[in-house]
Each structure stands twice: as structure tokens, then as C-alpha cells.
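Reproduced below: coords00.pdb, with PDB, C-alpha atoms.
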MODEL        1
ATOM      1  CA  MET X   1      37.262  -6.918  11.756
ATOM      2  CA  GLU X   2      33.494  -7.348  11.688
ATOM      3  CA  ARG X   3      31.995  -8.271   8.333
ATOM      4  CA  VAL X   4      28.871  -6.312   7.370
ATOM      5  CA  GLU X   5      26.696  -7.286   4.422
ATOM      6  CA  ILE X   6      23.696  -5.665   2.785
ATOM      7  CA  VAL X   7      20.688  -7.977   2.428
ATOM      8  CA  HIS X   8      17.473  -7.333   0.482
ATOM      9  CA  VAL X   9      14.299  -9.085   1.708
ATOM     10  CA  PHE X  10      10.776  -9.056   0.270
ATOM     11  CA  TYR X  11       8.081  -7.862   2.691
ATOM     12  CA  GLU X  12       4.311  -7.795   2.177
ATOM     13  CA  CYS X  13       3.414  -4.235   3.170
ATOM     14  CA  GLY X  14      -0.115  -3.999   4.518
ATOM     15  CA  LYS X  15      -0.077  -0.212   4.309
ATOM     16  CA  ILE X  16       0.197  -0.046   0.501
ATOM     17  CA  LYS X  17      -0.994  -3.623  -0.156
ATOM     18  CA  ARG X  18       2.025  -4.724  -2.183
ATOM     19  CA  ARG X  19       5.367  -6.483  -1.949
ATOM     20  CA  VAL X  20       8.272  -4.152  -1.162
ATOM     21  CA  VAL X  21      12.007  -4.675  -0.738
ATOM     22  CA  ILE X  22      13.435  -3.937   2.701
ATOM     23  CA  THR X  23      17.205  -3.399   2.877
ATOM     24  CA  TYR X  24      19.076  -4.601   5.967
ATOM     25  CA  LEU X  25      22.591  -4.435   7.354
ATOM     26  CA  ALA X  26      23.579  -7.984   8.350
ATOM     27  CA  THR X  27      26.275  -8.362  11.013
ATOM     28  CA  PRO X  28      27.509 -11.530  12.724
ATOM     29  CA  PRO X  29      26.134 -12.117  16.246
ATOM     30  CA  GLN X  30      28.426 -11.307  19.148
ATOM     31  CA  PRO X  31      30.115 -13.703  19.907
ATOM     32  CA  PRO X  32      29.165 -16.697  17.735
ATOM     33  CA  GLY X  33      29.394 -19.959  19.650
ATOM     34  CA  PRO X  34      31.345 -22.922  18.228
ATOM     35  CA  LEU X  35      28.251 -25.155  17.969
ATOM     36  CA  GLU X  36      25.691 -22.484  17.188
ATOM     37  CA  PRO X  37      24.705 -21.548  13.640
ATOM     38  CA  CYS X  38      25.971 -18.134  12.596
ATOM     39  CA  ILE X  39      22.674 -16.293  12.090
ATOM     40  CA  PRO X  40      23.361 -12.616  11.417
ATOM     41  CA  ASP X  41      21.763  -9.756  13.296
ATOM     42  CA  LEU X  42      19.599  -7.789  10.835
ATOM     43  CA  THR X  43      18.998  -4.041  11.052
ATOM     44  CA  ALA X  44      16.441  -2.623   8.608
ATOM     45  CA  PHE X  45      17.358   0.759   7.144
ATOM     46  CA  ASN X  46      15.543   1.273   3.829
ATOM     47  CA  CYS X  47      12.434   0.426   1.800
ATOM     48  CA  ASP X  48      12.135   0.744  -1.975
ATOM     49  CA  CYS X  49       8.569   2.159  -1.676
ATOM     50  CA  LYS X  50       9.110   4.716   1.088
ATOM     51  CA  GLU X  51       7.886   7.587  -1.113
ATOM     52  CA  LYS X  52       4.752   5.743  -2.288
ATOM     53  CA  CYS X  53       3.436   5.176   1.241
ATOM     54  CA  GLY X  54       4.226   8.656   2.550
ATOM     55  CA  VAL X  55       7.130   7.798   4.862
ATOM     56  CA  CYS X  56       9.455   9.983   2.772
ATOM     57  CA  ALA X  57       8.570  13.181   0.954
ATOM     58  CA  SER X  58      10.440  15.674  -1.212
ATOM     59  CA  GLU X  59      10.588  19.228   0.079
ATOM     60  CA  GLY X  60      12.244  21.227  -2.673
ATOM     61  CA  GLN X  61      15.696  19.714  -3.091
ATOM     62  CA  ARG X  62      15.519  17.897   0.249
ATOM     63  CA  VAL X  63      14.045  14.496   1.102
ATOM     64  CA  SER X  64      12.619  13.996   4.570
ATOM     65  CA  CYS X  65      11.767  10.580   6.036
ATOM     66  CA  GLN X  66       9.532   9.997   9.064
ATOM     67  CA  TRP X  67      10.032   6.280   9.764
ATOM     68  CA  ALA X  68       7.457   6.293  12.591
ATOM     69  CA  ARG X  69       4.823   6.326   9.798
ATOM     70  CA  CYS X  70       6.076   2.937   8.531
ATOM     71  CA  ILE X  71       4.358  -0.286   9.631
ATOM     72  CA  HIS X  72       7.486  -2.461   9.235
ATOM     73  CA  PRO X  73       8.650  -3.164  12.807
ATOM     74  CA  GLY X  74      12.343  -2.615  12.054
ATOM     75  CA  LEU X  75      11.906   0.540  10.008
ATOM     76  CA  SER X  76       9.354   2.200  12.295
ATOM     77  CA  GLU X  77      12.074   2.340  14.965
ATOM     78  CA  GLN X  78      14.514   4.273  12.757
ATOM     79  CA  GLU X  79      15.226   7.925  13.520
ATOM     80  CA  PRO X  80      13.724  10.493  11.121
ATOM     81  CA  TRP X  81      16.202  12.068   8.713
ATOM     82  CA  THR X  82      16.503  14.714   6.032
ATOM     83  CA  GLU X  83      19.038  14.804   3.208
TER      84      GLU X  83
ENDMDL
END
Could you express the structure from this file as C-alpha cells?
Amino acid sequence: MERVEIVHVFYECGKIKRRVVITYLATPPQPPGPLEPCIPDLTAFNCDCKEKCGVCASEGQRVSCQWARCIHPGLSEQEPWTE
């Protein structure tokens, strides 16, 4: 079974000129070699300031996120979503 962890990393956002927290899923590389360090693969999926910079907006009772508006390289590749 693959172990997945959630990791929070500070990131200096140039768009809003402040430090934000980016949340990543960390999974082990496939396959880890016996002599290689086990450096996890990181996939960004959230930012604690996504509403402040305009990536996410409330529309009534729904929240819509357009990650293409984000300057973080990992988040800008995420698919837009509405919840």
C-alpha cells in the first residue's frame, strides 16, 4: 500500500506580495532504489490565500476556483473546480 502524506510548505507569492501556505500530497517515488534517498513526489493542491488573490471566488453558496490564475507552478496546472 502506498503511503500518502499531506505537507504544508511556505511560498513567497509574488502576486499578493506575501508568504502563503501551499498544501501538497507527498507520495513515495516509484520505485525507490536501495541506494537512493526516498524523496517524495509532491503534488500541490491548495493555497491558504486562494480567495485573497482571486483564484477562488464565492458565487452564492458555491466556491469556484480557476487555478490557471495562480502563479505557483504546481497550482496553476490544477483543473478548475466548483464546490
### Message
Please determine, counting all atoms listed in the file, which residue among X:Pro40, X:Pro29, X:Pro80, X:Gly54 has the shortest atom-to-atom distance to Ile16 in chain X.
### Response
X:Gly54
### Query
Hey, what comes out of the PyMOL selection byres ((chain X and resi 56) around 10) on this file? Could you write it as an MDAnalysis selection string?
chainID X and resid 49:55 57:59 63:67 69:70 80:82
### Message
Could you tell me how far CA of Ile39 in chain X sits from CA of His72 in chain X, in Å to one decimal place?
### Response
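Distance between the two atoms: 20.7 Å.
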### Task
Would you be able to write out as a ChimeraX atom specification which residues have an atom within 7 Å of (13.8, 0.0, 9.4) in the file's coordinates, counting all atoms listed in the file?
/X:43-46,72-78
### Query
If you measure from CA of Cys13 in chain X to CA of Asp48 in chain X, what distance in Å do you get, rounded to one decimal?
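Calculated distance between CA of Cys13 in chain X and CA of Asp48 in chain X is 11.3 Å.
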Mind checking which residues fall within 7 Å of Val7 in chain X, counting only C-alpha atoms, ignoring those fewer than 3 positions away in the same chain, and posting them as a compact mmCIF listing (two decimals) with C-alpha atoms, in the frame of the given file?
# COMPACT_ATOMS: atom_id res chain seq x y z
CA THR X 23 17.20 -3.40 2.88
CA TYR X 24 19.08 -4.60 5.97
CA LEU X 25 22.59 -4.43 7.35
CA ALA X 26 23.58 -7.98 8.35
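In this structure, CA of Cys47 in chain X sits 15.9 Å away from CA of Glu83 in chain X.
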Which centre and which edge lengths, in Å to one decimal, describe the axis-aligned box that holds all listed atoms of range 44-58 of chain X after 3 Å is added on each side, as JSON?
{"center_x": 10.4, "center_y": 6.5, "center_z": 3.2, "size_x": 19.9, "size_y": 24.3, "size_z": 16.9}
### Message
Which residue is closest to Val4 in chain X? Choose from X:Ile71, X:Lys17, X:Leu42, X:Ile22 and count all atoms listed in the file.
### Response
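Counting all atoms listed in the file, the residue closest to Val4 in chain X is X:Leu42.
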